[in-house]
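Shown next: start-v4.txt, given as compact mmCIF, C-alpha atoms and all ligand atoms.
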# COMPACT_ATOMS: atom_id res chain seq x y z
CA MET A 1 -53.46 25.68 12.88
CA THR A 2 -53.79 27.88 9.77
CA GLU A 3 -50.74 28.91 7.79
CA SER A 4 -51.07 32.51 9.00
CA ASN A 5 -50.52 31.40 12.62
CA GLY A 6 -47.19 29.78 11.82
CA PRO A 7 -43.95 31.42 10.76
CA PRO A 8 -43.74 32.41 7.04
CA ALA A 9 -42.63 29.46 4.91
CA THR A 10 -39.36 31.09 3.95
CA THR A 11 -38.38 31.69 7.57
CA ARG A 12 -39.18 28.13 8.50
CA ARG A 13 -37.06 26.76 5.65
CA ARG A 14 -34.17 29.03 6.51
CA PHE A 15 -34.33 27.89 10.14
CA LEU A 16 -34.21 24.22 9.14
CA THR A 17 -31.33 24.70 6.73
CA GLY A 18 -29.42 26.73 9.30
CA SER A 19 -29.66 24.04 11.95
CA LEU A 20 -28.59 21.31 9.56
CA VAL A 21 -25.44 23.21 8.68
CA ALA A 22 -24.74 23.70 12.38
CA GLY A 23 -25.05 19.95 12.74
CA GLY A 24 -27.45 20.00 15.67
CA ALA A 25 -30.87 19.24 14.20
CA MET A 26 -32.86 16.57 16.02
CA VAL A 27 -35.40 14.54 14.10
CA ALA A 28 -37.85 12.61 16.28
CA GLY A 29 -35.21 11.97 18.92
CA GLY A 30 -32.49 10.90 16.44
CA ARG A 31 -29.58 12.89 15.07
CA ALA A 32 -29.73 14.12 11.44
CA GLU A 33 -26.06 14.95 11.03
CA ALA A 34 -24.70 15.90 7.63
CA ALA A 35 -21.07 15.91 8.74
CA GLY A 36 -19.51 12.81 10.31
CA ASP A 37 -19.99 11.97 13.99
CA PRO A 38 -16.85 10.23 15.29
CA ALA A 39 -18.91 8.21 17.77
CA ILE A 40 -20.45 6.30 14.86
CA LEU A 41 -17.60 6.48 12.33
CA GLU A 42 -14.52 5.55 14.43
CA VAL A 43 -13.52 2.00 15.30
CA LYS A 44 -13.55 2.12 19.10
CA PRO A 45 -11.05 0.46 21.49
CA TRP A 46 -13.65 -2.05 22.65
CA ALA A 47 -13.88 -3.39 19.09
CA GLN A 48 -10.11 -3.84 18.84
CA ILE A 49 -9.33 -6.00 21.85
CA LEU A 50 -10.91 -9.09 23.35
CA GLY A 51 -13.11 -8.47 26.36
CA GLU A 52 -13.32 -10.19 29.74
CA GLY A 53 -14.33 -13.83 29.76
CA VAL A 54 -17.25 -15.55 31.43
CA ASP A 55 -15.12 -16.20 34.51
CA ALA A 56 -14.58 -12.48 35.21
CA ARG A 57 -17.87 -11.79 37.01
CA PRO A 58 -19.32 -14.79 38.83
CA TYR A 59 -21.85 -12.44 40.40
CA GLY A 60 -22.59 -9.62 37.96
CA THR A 61 -22.47 -5.93 38.77
CA PRO A 62 -23.62 -2.95 36.69
CA SER A 63 -21.45 -1.29 34.04
CA GLN A 64 -18.63 0.87 35.43
CA PHE A 65 -20.39 3.79 33.72
CA GLU A 66 -23.42 3.37 35.97
CA ASN A 67 -21.57 3.66 39.27
CA HIS A 68 -23.36 6.90 40.15
CA VAL A 69 -26.61 4.91 40.36
CA VAL A 70 -26.56 4.17 44.08
CA ARG A 71 -28.59 4.52 47.25
CA ARG A 72 -27.79 7.82 48.91
CA ASN A 73 -28.55 9.30 52.29
CA VAL A 74 -29.26 12.83 53.46
CA PRO A 75 -26.38 13.73 55.82
CA TRP A 76 -28.48 15.87 58.19
CA LEU A 77 -31.01 13.02 58.51
CA THR A 78 -28.25 10.55 59.31
CA ALA A 79 -26.97 11.40 62.78
CA ASP A 80 -25.89 7.76 63.08
CA PRO A 81 -26.00 5.28 60.14
CA ILE A 82 -26.94 2.41 62.50
CA SER A 83 -30.40 3.87 62.96
CA SER A 84 -31.00 5.65 59.72
CA VAL A 85 -32.24 5.52 56.15
CA ASN A 86 -30.93 5.73 52.60
CA PHE A 87 -32.97 6.32 49.47
CA THR A 88 -33.75 4.49 46.21
CA PRO A 89 -32.43 6.40 43.12
CA LEU A 90 -35.87 6.54 41.49
CA HIS A 91 -34.71 9.04 38.84
CA GLU A 92 -32.20 6.49 37.46
CA LEU A 93 -34.68 3.61 37.16
CA ASP A 94 -37.37 2.67 34.68
CA GLY A 95 -40.11 0.06 34.58
CA ILE A 96 -41.48 -1.03 37.95
CA ILE A 97 -38.93 -3.44 39.49
CA THR A 98 -36.43 -2.09 41.99
CA PRO A 99 -33.07 -3.88 41.58
CA ASN A 100 -32.03 -5.57 44.81
CA GLY A 101 -28.89 -3.51 45.33
CA LEU A 102 -30.85 -0.25 45.01
CA CYS A 103 -33.74 -0.89 47.42
CA PHE A 104 -33.70 1.85 50.06
CA GLU A 105 -32.75 0.67 53.57
CA ARG A 106 -34.20 1.61 56.91
CA HIS A 107 -32.65 0.09 60.01
CA HIS A 108 -33.24 0.84 63.68
CA ALA A 109 -30.20 -1.08 64.93
CA GLY A 110 -28.10 -1.81 61.86
CA ILE A 111 -28.12 -4.92 59.65
CA ALA A 112 -28.44 -8.26 61.46
CA GLU A 113 -26.27 -10.92 59.77
CA ILE A 114 -28.14 -14.15 60.46
CA GLU A 115 -26.59 -17.55 59.88
CA PRO A 116 -29.41 -19.39 58.03
CA THR A 117 -29.01 -22.74 59.83
CA GLN A 118 -29.44 -20.81 63.10
CA TYR A 119 -32.58 -19.08 61.85
CA ARG A 120 -35.81 -19.88 63.73
CA LEU A 121 -39.35 -18.47 63.59
CA MET A 122 -41.54 -19.04 66.65
CA ILE A 123 -45.34 -18.74 66.82
CA ASN A 124 -46.67 -18.46 70.37
CA GLY A 125 -49.39 -16.77 72.44
CA LEU A 126 -53.07 -17.61 71.92
CA VAL A 127 -52.45 -20.74 69.85
CA GLU A 128 -53.26 -24.42 70.38
CA LYS A 129 -49.67 -25.51 69.84
CA PRO A 130 -46.70 -23.09 70.03
CA ILE A 131 -44.38 -23.97 67.17
CA VAL A 132 -40.87 -23.23 65.95
CA PHE A 133 -39.94 -23.35 62.24
CA THR A 134 -36.50 -23.61 60.63
CA LEU A 135 -35.89 -22.02 57.24
CA GLU A 136 -36.20 -25.43 55.65
CA ASP A 137 -39.56 -25.99 57.38
CA LEU A 138 -40.89 -22.72 55.92
CA LYS A 139 -39.97 -23.77 52.39
CA ARG A 140 -42.16 -26.91 52.69
CA PHE A 141 -45.35 -24.80 52.70
CA PRO A 142 -46.92 -23.81 49.33
CA ARG A 143 -44.92 -20.94 47.86
CA GLU A 144 -46.36 -17.85 46.15
CA ASN A 145 -44.88 -14.98 44.14
CA HIS A 146 -46.15 -11.40 44.43
CA LEU A 147 -44.85 -8.01 43.32
CA TYR A 148 -45.46 -5.45 46.06
CA PHE A 149 -44.24 -1.96 46.90
CA LEU A 150 -42.92 -1.22 50.37
CA GLU A 151 -43.16 2.45 51.34
CA CYS A 152 -41.88 3.80 54.64
CA ALA A 153 -44.63 5.87 56.28
CA ALA A 154 -42.02 8.65 56.61
CA ASN A 155 -41.51 8.87 52.84
CA SER A 156 -41.91 12.58 51.88
CA GLY A 157 -42.16 13.34 55.61
CA MET A 158 -39.61 16.16 55.38
CA GLU A 159 -41.89 17.91 52.85
CA TRP A 160 -44.89 18.49 55.16
CA ARG A 161 -44.25 22.16 55.87
CA GLY A 162 -42.82 23.08 52.47
CA ALA A 163 -40.59 21.96 49.61
CA GLN A 164 -37.27 20.91 51.09
CA LEU A 165 -35.16 18.10 49.59
CA ASN A 166 -33.94 18.56 46.04
CA GLY A 167 -34.45 15.28 44.21
CA CYS A 168 -37.11 12.59 43.93
CA GLN A 169 -34.56 10.16 45.39
CA PHE A 170 -34.80 12.11 48.65
CA THR A 171 -38.44 13.28 48.55
CA HIS A 172 -39.90 9.92 47.38
CA GLY A 173 -37.11 7.32 47.50
CA MET A 174 -38.29 5.47 50.63
CA VAL A 175 -40.16 3.08 48.37
CA HIS A 176 -39.15 -0.09 46.55
CA ASN A 177 -41.03 -2.64 44.48
CA VAL A 178 -39.94 -6.24 44.68
CA MET A 179 -41.15 -9.67 43.54
CA TYR A 180 -41.30 -11.71 46.75
CA THR A 181 -41.32 -15.48 47.03
CA GLY A 182 -42.69 -16.77 50.29
CA VAL A 183 -45.46 -18.61 52.07
CA ARG A 184 -48.70 -17.23 53.40
CA LEU A 185 -48.53 -16.37 57.08
CA ARG A 186 -52.02 -17.90 57.22
CA HIS A 187 -50.60 -21.41 56.64
CA LEU A 188 -48.17 -21.01 59.54
CA LEU A 189 -50.86 -19.64 61.87
CA GLU A 190 -53.19 -22.49 60.90
CA ARG A 191 -50.44 -25.00 61.72
CA ALA A 192 -50.15 -23.48 65.21
CA GLY A 193 -53.95 -23.20 65.53
CA VAL A 194 -55.17 -19.71 66.51
CA ARG A 195 -57.52 -19.76 69.51
CA THR A 196 -60.94 -18.12 69.09
CA ASN A 197 -59.95 -15.19 71.33
CA GLY A 198 -56.90 -14.47 69.12
CA LYS A 199 -57.52 -11.12 67.36
CA TRP A 200 -54.05 -9.60 66.83
CA ILE A 201 -50.53 -10.73 66.05
CA LEU A 202 -47.27 -9.20 67.19
CA ALA A 203 -44.44 -9.45 64.65
CA GLU A 204 -40.94 -9.26 66.16
CA GLY A 205 -37.54 -8.91 64.50
CA ALA A 206 -34.33 -10.70 65.51
CA ASP A 207 -32.13 -7.59 65.17
CA ALA A 208 -30.91 -5.62 68.17
CA SER A 209 -33.90 -3.22 67.84
CA ALA A 210 -36.32 -6.18 68.16
CA MET A 211 -38.70 -4.19 65.96
CA THR A 212 -42.22 -5.07 67.07
CA ARG A 213 -45.57 -4.18 65.53
CA SER A 214 -49.18 -5.19 66.24
CA ILE A 215 -51.12 -6.35 63.16
CA PRO A 216 -54.84 -7.26 63.16
CA LEU A 217 -55.36 -11.01 62.70
CA GLU A 218 -57.64 -10.32 59.74
CA LYS A 219 -54.72 -8.85 57.75
CA ALA A 220 -52.36 -11.60 58.94
CA LEU A 221 -54.76 -14.26 57.63
CA ASP A 222 -55.38 -12.38 54.39
CA ASP A 223 -52.38 -11.54 52.19
CA CYS A 224 -49.34 -11.34 54.52
CA LEU A 225 -46.34 -13.36 53.36
CA VAL A 226 -43.35 -14.76 55.17
CA ALA A 227 -40.84 -14.13 52.37
CA PHE A 228 -37.36 -15.52 51.77
CA LYS A 229 -36.65 -14.46 48.17
CA MET A 230 -36.62 -11.04 46.50
CA ASN A 231 -36.57 -10.69 42.72
CA GLY A 232 -35.70 -14.39 42.52
CA GLU A 233 -32.68 -14.53 44.84
CA ALA A 234 -32.26 -14.74 48.60
CA LEU A 235 -33.25 -11.61 50.50
CA ARG A 236 -30.34 -9.22 50.90
CA PRO A 237 -29.05 -8.92 54.50
CA GLU A 238 -30.26 -5.31 54.54
CA GLN A 239 -33.78 -6.43 53.55
CA GLY A 240 -34.06 -9.02 56.34
CA TYR A 241 -32.12 -12.14 55.28
CA PRO A 242 -33.17 -14.86 55.61
CA VAL A 243 -36.87 -14.02 56.26
CA ARG A 244 -39.01 -10.89 56.36
CA LEU A 245 -42.69 -10.23 56.82
CA VAL A 246 -44.54 -8.78 53.80
CA VAL A 247 -47.63 -6.72 54.67
CA PRO A 248 -49.02 -5.66 51.26
CA GLY A 249 -50.15 -2.04 50.94
CA TRP A 250 -49.35 -1.22 54.58
CA GLU A 251 -46.61 1.04 55.96
CA GLY A 252 -43.05 -0.27 55.72
CA ASN A 253 -42.47 -0.27 59.47
CA MET A 254 -44.79 -3.29 59.79
CA TRP A 255 -42.75 -5.35 57.31
CA VAL A 256 -40.58 -6.79 60.07
CA LYS A 257 -37.15 -7.88 58.82
CA TRP A 258 -35.16 -10.79 60.28
CA LEU A 259 -38.56 -12.06 61.48
CA ARG A 260 -38.13 -14.25 64.55
CA ARG A 261 -41.45 -14.38 66.40
CA ILE A 262 -45.18 -14.06 65.85
CA GLU A 263 -47.27 -13.84 69.00
CA VAL A 264 -51.05 -14.14 68.86
CA GLY A 265 -52.98 -11.94 71.31
CA ASP A 266 -56.43 -10.51 71.96
CA GLU A 267 -55.49 -6.81 71.71
CA PRO A 268 -52.72 -4.63 70.27
CA TRP A 269 -49.48 -4.31 72.26
CA HIS A 270 -49.04 -0.49 71.93
CA HIS A 271 -45.31 -0.74 71.30
CA ARG A 272 -43.08 2.25 70.67
CA GLU A 273 -43.46 1.98 66.89
CA GLU A 274 -47.25 2.44 67.15
CA THR A 275 -47.37 5.09 69.89
CA SER A 276 -44.47 7.54 70.04
CA LYS A 277 -43.59 6.77 66.40
CA TYR A 278 -45.72 6.04 63.35
CA THR A 279 -48.66 8.07 64.66
CA ASP A 280 -49.81 11.38 63.15
CA LEU A 281 -50.13 14.42 65.40
CA LEU A 282 -53.11 16.52 64.29
CA ALA A 283 -53.56 20.30 64.61
CA ASP A 284 -55.69 19.95 67.78
CA GLY A 285 -53.01 17.92 69.59
CA ARG A 286 -54.69 14.53 69.18
CA ALA A 287 -52.87 11.86 67.20
CA ARG A 288 -54.12 9.47 64.54
CA ARG A 289 -53.07 5.91 65.40
CA PHE A 290 -52.88 2.66 63.43
CA THR A 291 -52.86 4.42 60.07
CA TRP A 292 -51.61 1.34 58.31
CA VAL A 293 -52.63 1.67 54.67
CA MET A 294 -50.47 3.71 52.30
CA ASP A 295 -52.73 6.09 50.36
CA ALA A 296 -52.45 6.56 46.59
CA LYS A 297 -49.40 8.60 45.57
CA SER A 298 -47.33 9.40 42.51
CA VAL A 299 -44.20 11.31 41.52
CA ILE A 300 -42.57 12.39 38.28
CA THR A 301 -39.10 10.84 38.35
CA ASN A 302 -37.86 12.40 35.07
CA PRO A 303 -37.34 15.25 34.74
CA SER A 304 -36.59 16.03 38.40
CA PRO A 305 -33.83 17.94 40.23
CA GLN A 306 -31.27 15.13 39.83
CA ALA A 307 -32.37 14.46 36.23
CA PRO A 308 -32.77 17.72 34.28
CA ILE A 309 -33.85 17.99 30.63
CA THR A 310 -30.53 18.19 28.77
CA HIS A 311 -31.62 17.97 25.12
CA GLY A 312 -33.17 21.42 24.82
CA ARG A 313 -36.62 22.13 23.43
CA GLY A 314 -38.51 19.64 21.29
CA HIS A 315 -39.92 16.17 21.81
CA THR A 316 -39.45 15.03 25.40
CA VAL A 317 -40.59 12.15 27.59
CA ILE A 318 -41.87 12.66 31.13
CA THR A 319 -42.07 9.56 33.29
CA GLY A 320 -42.90 8.62 36.84
CA LEU A 321 -44.29 6.12 39.32
CA ALA A 322 -47.67 5.73 41.01
CA TRP A 323 -48.92 3.34 43.69
CA SER A 324 -51.76 2.69 46.11
CA GLY A 325 -52.03 0.50 49.19
CA ARG A 326 -55.69 -0.08 48.31
CA GLY A 327 -55.37 -1.61 44.86
CA THR A 328 -54.16 -0.63 41.40
CA VAL A 329 -53.61 2.79 39.82
CA PRO A 330 -55.54 2.73 36.53
CA ARG A 331 -54.99 6.43 35.84
CA VAL A 332 -52.42 9.17 36.38
CA ASP A 333 -52.84 12.79 35.23
CA VAL A 334 -49.95 15.11 34.45
CA THR A 335 -49.95 18.91 34.41
CA LEU A 336 -47.29 21.16 32.86
CA ASP A 337 -48.64 24.39 34.41
CA GLY A 338 -48.96 23.69 38.13
CA GLY A 339 -52.46 22.22 38.00
CA LYS A 340 -54.38 24.55 35.66
CA ASN A 341 -54.66 21.96 32.90
CA TRP A 342 -54.45 18.21 33.42
CA ARG A 343 -53.79 15.57 30.75
CA GLN A 344 -53.97 11.82 31.14
CA ALA A 345 -50.61 10.06 31.20
CA ARG A 346 -49.99 6.74 29.40
CA MET A 347 -49.78 3.82 31.82
CA ASP A 348 -47.33 1.13 30.75
CA GLY A 349 -46.42 -2.30 32.04
CA PRO A 350 -48.27 -4.63 34.41
CA SER A 351 -50.95 -3.06 36.63
CA LEU A 352 -50.86 -5.13 39.82
CA PRO A 353 -52.53 -4.33 43.15
CA MET A 354 -50.24 -2.80 45.76
CA SER A 355 -47.37 -2.57 43.28
CA LEU A 356 -45.68 0.37 41.56
CA HIS A 357 -47.15 1.49 38.23
CA ARG A 358 -45.13 3.23 35.51
CA PHE A 359 -46.51 6.17 33.53
CA TYR A 360 -45.22 8.22 30.59
CA PHE A 361 -46.24 11.54 29.08
CA GLU A 362 -44.71 12.55 25.76
CA PHE A 363 -44.94 16.12 24.45
CA ASP A 364 -43.18 18.84 22.49
CA TRP A 365 -41.47 21.20 24.92
CA ASP A 366 -41.40 24.79 23.65
CA GLY A 367 -38.61 25.67 26.08
CA ARG A 368 -40.82 27.68 28.42
CA PRO A 369 -40.65 26.99 32.19
CA LEU A 370 -42.85 24.15 33.46
CA LEU A 371 -44.56 23.40 36.76
CA LEU A 372 -44.75 19.62 36.58
CA GLN A 373 -47.09 17.57 38.75
CA SER A 374 -48.65 14.11 38.63
CA ARG A 375 -51.87 12.95 40.28
CA ALA A 376 -52.80 9.30 40.88
CA HIS A 377 -56.32 7.87 40.75
CA ASP A 378 -56.54 4.45 42.39
CA SER A 379 -58.95 1.60 41.71
CA THR A 380 -61.20 2.64 44.62
CA GLY A 381 -61.80 6.04 42.94
CA TYR A 382 -59.59 7.90 45.44
CA VAL A 383 -57.67 10.83 43.93
CA GLN A 384 -54.26 11.92 45.26
CA PRO A 385 -54.69 15.25 47.13
CA THR A 386 -52.62 18.42 46.92
CA LYS A 387 -50.28 19.17 49.82
CA ASN A 388 -52.54 22.06 50.86
CA GLU A 389 -55.60 19.79 50.91
CA LEU A 390 -53.69 17.41 53.20
CA ARG A 391 -52.63 20.23 55.53
CA GLN A 392 -56.21 21.48 55.79
CA VAL A 393 -57.28 18.11 57.21
CA ARG A 394 -54.15 17.06 59.08
CA GLY A 395 -52.48 20.33 60.11
CA GLU A 396 -48.71 20.95 59.94
CA ASN A 397 -47.39 18.62 62.67
CA SER A 398 -47.29 15.42 60.64
CA ILE A 399 -44.33 13.49 59.31
CA TYR A 400 -45.88 10.22 58.21
CA HIS A 401 -48.34 9.52 55.40
CA ASN A 402 -47.62 12.51 53.20
CA ASN A 403 -49.07 11.52 49.83
CA GLY A 404 -49.54 15.10 48.57
CA ILE A 405 -48.92 16.07 44.94
CA GLN A 406 -45.25 16.91 44.22
CA THR A 407 -44.28 19.91 42.06
CA TRP A 408 -41.05 20.30 40.06
CA TYR A 409 -40.25 23.69 38.53
CA VAL A 410 -38.34 23.24 35.26
CA ASN A 411 -36.60 26.38 33.97
CA GLU A 412 -35.84 27.33 30.34
CA LYS A 413 -32.52 25.47 30.55
CA GLY A 414 -34.23 22.27 31.68
CA ALA A 415 -32.97 22.37 35.29
CA ALA A 416 -35.57 21.20 37.82
CA GLU A 417 -36.23 22.31 41.40
CA ASN A 418 -38.50 21.19 44.24
CA VAL A 419 -41.22 23.87 44.73
CA GLU A 420 -44.81 24.24 45.87
CA VAL A 421 -47.65 26.01 44.13
CA SER A 422 -50.35 27.63 46.22
N1 LIG B 501 -36.41 -6.00 62.33
C1 LIG B 501 -36.59 -4.82 61.75
N2 LIG B 501 -37.55 -4.70 60.83
C2 LIG B 501 -37.78 -3.52 60.19
C3 LIG B 501 -37.03 -2.37 60.54
C4 LIG B 501 -35.99 -2.52 61.50
O1 LIG B 501 -35.26 -1.58 61.83
N3 LIG B 501 -35.81 -3.75 62.09
N4 LIG B 501 -37.34 -1.16 59.92
C5 LIG B 501 -38.72 -1.03 59.42
C6 LIG B 501 -38.97 0.17 58.64
S1 LIG B 501 -39.28 1.59 59.51
C7 LIG B 501 -39.11 0.12 57.29
S2 LIG B 501 -39.59 1.48 56.42
C8 LIG B 501 -38.81 -1.11 56.52
C9 LIG B 501 -37.70 -0.84 55.54
O2 LIG B 501 -37.45 -1.97 54.75
P1 LIG B 501 -36.15 -2.01 53.82
O3 LIG B 501 -34.94 -1.73 54.66
O4 LIG B 501 -36.17 -3.33 53.15
O5 LIG B 501 -36.34 -0.90 52.80
O6 LIG B 501 -38.43 -2.20 57.34
C10 LIG B 501 -39.10 -2.25 58.59
N5 LIG B 501 -38.76 -3.47 59.27
MO MO B 502 -40.14 3.19 58.05
Encoded form (structure tokens):
Amino acid sequence: MTESNGPPATTRRRFLTGSLVAGGAMVAGGRAEAAGDPAILEVKPWAQILGEGVDARPYGTPSQFENHVVRRNVPWLTADPISSVNFTPLHELDGIITPNGLCFERHHAGIAEIEPTQYRLMINGLVEKPIVFTLEDLKRFPRENHLYFLECAANSGMEWRGAQLNGCQFTHGMVHNVMYTGVRLRHLLERAGVRTNGKWILAEGADASAMTRSIPLEKALDDCLVAFKMNGEALRPEQGYPVRLVVPGWEGNMWVKWLRRIEVGDEPWHHREETSKYTDLLADGRARRFTWVMDAKSVITNPSPQAPITHGRGHTVITGLAWSGRGTVPRVDVTLDGGKNWRQARMDGPSLPMSLHRFYFEFDWDGRPLLLQSRAHDSTGYVQPTKNELRQVRGENSIYHNNGIQTWYVNEKGAAENVEVS
């Protein structure tokens, strides 16, 4: 930029001096205060008394100042909490791990509280030798650790016909990313001995909903895990304690919690969760079935409706999450103007298949309104579509598998709102 395009030098100097006197100038994210800031100069109460000892918190909890960081539900979606959902506070998190106490929950018949010594997993059906495992038996198979996202197929489902819920917690929070420890389902099936006509498995939960899903044997023998640890500790009751099925990259409904039975069969069972639910009604009245894989998706988590820009114009950091059920997400693009101009975001942290990826985009905000969007490119070359592109192919009747691009409108004050651009 030439000097003539900028403000005259005298004006610029006057502006800088003026802000310093007012005490509000920001230099590269830090405060350049001439006058004293009590928050740095005063000796605070916490420096004048002794704190709690190591016996105060045998199982740690977050700081009292973080108690707004919780799973939340949408009251009108929760007719009855026993068969309902709450949402991960994505806008309060960073990195790619979802803390155990913040993983969204989806239950069809409430949380089963299973006494671990009474836990059993049965494998039956088209096998040489039906077999029953205790929890201890499972832990004698070779263990593996994998970081995987679980996304409910209904994530963003309320957004099919237009922008609705105001916050990425509610539009995108039916996803979590956890390091699982478990054993390959393949080892257990091999122990039982799958007959040659065995082509499918049925996974069944021990809760009162007896959640049941058909899974092709090929997937079951590939990367499915029977998991008993999440982020290093025992599964939480709400995530299926003591054992859940992990079906990497595939819709959350198949990740049966409180797993109690695996039946081997020669065809799918056509249970409720794969017929009346978890199918996608198209414009012509036919329904897509067995749409297992979660397509590439991304969302800007900050700023977003629950996390406005509060620092005013100047240097700001945009961040968000991206994932794909088909592999990694090597690239995410960000636009500030509703899709006219795209810039590549900076990916940070481990890039693991079928796991969340973190991206950042740093820029100088001039205080003008923004139309923020992110767009994921996965390792297969697939590019996340716009919501209109999805509707052109799938019509307006769908709930599940909405991976369309999300737009946040940010006004001059930094407040953000869920909108759509046409
Ligand atoms: N046994 C059982 N497994 C279940 C469910 C259930 O209600 N019962 N809900 C399913 C659905 S629809 C989803 S999206 C995921 C949610 O997993 P989470 O509660 O750990 O987030 O679990 C799946 N497994
Ligand atoms: Mo789900």
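Among the candidates A:His91, A:Arg106, A:Arg57, A:Arg195, the residue lying nearest to Glu151 of chain A is A:Arg106 (atoms considered: all atoms listed in the file).
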Report as a Markdown table the residues of chain A within 10 Å of ligand MO 502 (chain B), each with its shortest atom pair and distance in Å (one decimal), using only C-alpha atoms and all ligand atoms, ordered by chain and increasing residue number.
| residue | atom | partner | partner_atom | distance |
| --- | --- | --- | --- | --- |
| A:Ser84 | CA | B:MO502 | MO | 9.6 |
| A:Val85 | CA | B:MO502 | MO | 8.5 |
| A:Glu105 | CA | B:MO502 | MO | 9.0 |
| A:Arg106 | CA | B:MO502 | MO | 6.3 |
| A:His107 | CA | B:MO502 | MO | 8.3 |
| A:His108 | CA | B:MO502 | MO | 9.2 |
| A:Leu150 | CA | B:MO502 | MO | 9.3 |
| A:Glu151 | CA | B:MO502 | MO | 7.4 |
| A:Cys152 | CA | B:MO502 | MO | 3.9 |
| A:Ala153 | CA | B:MO502 | MO | 5.5 |
| A:Ala154 | CA | B:MO502 | MO | 6.0 |
| A:Asn155 | CA | B:MO502 | MO | 7.8 |
| A:Met174 | CA | B:MO502 | MO | 8.0 |
| A:Val175 | CA | B:MO502 | MO | 9.7 |
| A:Glu251 | CA | B:MO502 | MO | 7.1 |
| A:Gly252 | CA | B:MO502 | MO | 5.1 |
| A:Asn253 | CA | B:MO502 | MO | 4.4 |
| A:Met254 | CA | B:MO502 | MO | 8.2 |
| A:Trp255 | CA | B:MO502 | MO | 9.0 |
| A:Glu273 | CA | B:MO502 | MO | 9.5 |
| A:Lys277 | CA | B:MO502 | MO | 9.7 |
| A:Tyr278 | CA | B:MO502 | MO | 8.2 |
| A:Tyr400 | CA | B:MO502 | MO | 9.1 |
Quick one: residues within 9 Å of Gly205 of chain A, all atoms listed in the file, excluding same-chain residues fewer than 6 positions away - as number ranges by chain? A: 211-212, 240, 244, 256-261
One residue among A:Cys103, A:Ile96, A:Ala56, A:Leu185 is nearest to Asp222 of chain A when using all atoms listed in the file, and that residue is A:Leu185
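Distances here use only C-alpha atoms; by that measure, the residue among A:Thr319, A:Gln64, A:Ser355, A:Asn124 closest to Ile262 of chain A is A:Asn124.
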Quote the spacing between atom CA of Phe363 of chain A and atom CA of Gly95 of chain A in Å to one decimal place.
->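 Rounded to one decimal, the two atoms are 19.6 Å apart.
One distance worth recording is that between atom CA of Leu135 of chain A and atom CA of Cys224 of chain A, which is 17.4 Å.
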So that I can check the surroundings of Cys168 of chain A, please list as a ChimeraX atom specification every protein, DNA and RNA residue that reaches within 9 Å of it, counting all atoms listed in the file and ignoring chain neighbours fewer than 3 positions away. /A:89-91,165,171-173,299-302,304-306,418
Atom CA of Arg343 of chain A and atom CA of Ala376 of chain A are how many Å apart?
->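 Between these atoms lies a distance of 12.0 Å.
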task: Determine, counting all atoms listed in the file, which protein, DNA and RNA residues have an atom within 9 Å of an atom of Glu274 of chain A; residues of the same chain fewer than 3 positions away are not included. Present the result as a VMD selection string.
output: chain A and resid 213 to 214 269 to 271 277 to 279 289 to 290
Restricting to all atoms listed in the file, whichever of A:Pro62, A:Pro216, A:Pro242, A:Pro116 is closest to ligand LIG 501 (chain B) is A:Pro242
So that I can see what lies close to Glu238 of chain A, please list as a PyMOL selection string the residues with an atom at most 8 Å from it, counting all atoms listed in the file and leaving out residues fewer than 3 positions away in the same chain.
chain A and resi 105+111-112+241
Print the selection's residues with C-alpha atoms to a file, as a short mmCIF file (atom, residue, chain, number, x, y, z; two decimals), in the frame of the given file.
data_model
loop_
_atom_site.label_atom_id
_atom_site.label_comp_id
_atom_site.auth_asym_id
_atom_site.auth_seq_id
_atom_site.Cartn_x
_atom_site.Cartn_y
_atom_site.Cartn_z
CA GLU A 105 -32.75 0.67 53.57
CA ILE A 111 -28.12 -4.92 59.65
CA ALA A 112 -28.44 -8.26 61.46
CA TYR A 241 -32.12 -12.14 55.28
#
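Considering the residues A:Ala208, A:Asn67, A:Arg191, A:Gly51 and counting only C-alpha atoms and all ligand atoms, ligand LIG 501 (chain B) has its shortest atom-to-atom contact with A:Ala208.
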Item to check | Minimum-distance residue to Pro142 of chain A, chosen among A:Leu188, A:Ala109, A:Val178, A:Leu370 (using all atoms listed in the file) | outcome: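 Of A:Leu188, A:Ala109, A:Val178, A:Leu370, the one nearest Pro142 of chain A, counting all atoms listed in the file, is A:Leu188.
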Q) Which residues come within 6 Å of segment 402-412 of chain A, counting all atoms listed in the file, excluding same-chain residues fewer than 3 positions away, as a PyMOL selection string? A) chain A and resi 156+297+367-373+385-387+415-420
- prompt: For the point (-49.1, -20.1, 68.8) in file coordinates, what residues are within 8 Å, counting only C-alpha atoms? Give the answer as a list in words?
  reply: Met122, Ile123, Asn124, Gly125, Leu126, Val127, Glu128, Lys129, Pro130, Ile131, Leu189, Ala192, Gly193, Val194, Ile262, Glu263 and Val264 of chain A
Please, could you write that set of residues out with C-alpha atoms as a tab-separated table (two decimals), in the coordinates of the input?
chain	number	residue	atom	x	y	z
A	122	MET	CA	-41.54	-19.04	66.65
A	123	ILE	CA	-45.34	-18.74	66.82
A	124	ASN	CA	-46.67	-18.46	70.37
A	125	GLY	CA	-49.39	-16.77	72.44
A	126	LEU	CA	-53.07	-17.61	71.92
A	127	VAL	CA	-52.45	-20.74	69.85
A	128	GLU	CA	-53.26	-24.42	70.38
A	129	LYS	CA	-49.67	-25.51	69.84
A	130	PRO	CA	-46.70	-23.09	70.03
A	131	ILE	CA	-44.38	-23.97	67.17
A	189	LEU	CA	-50.86	-19.64	61.87
A	192	ALA	CA	-50.15	-23.48	65.21
A	193	GLY	CA	-53.95	-23.20	65.53
A	194	VAL	CA	-55.17	-19.71	66.51
A	262	ILE	CA	-45.18	-14.06	65.85
A	263	GLU	CA	-47.27	-13.84	69.00
A	264	VAL	CA	-51.05	-14.14	68.86
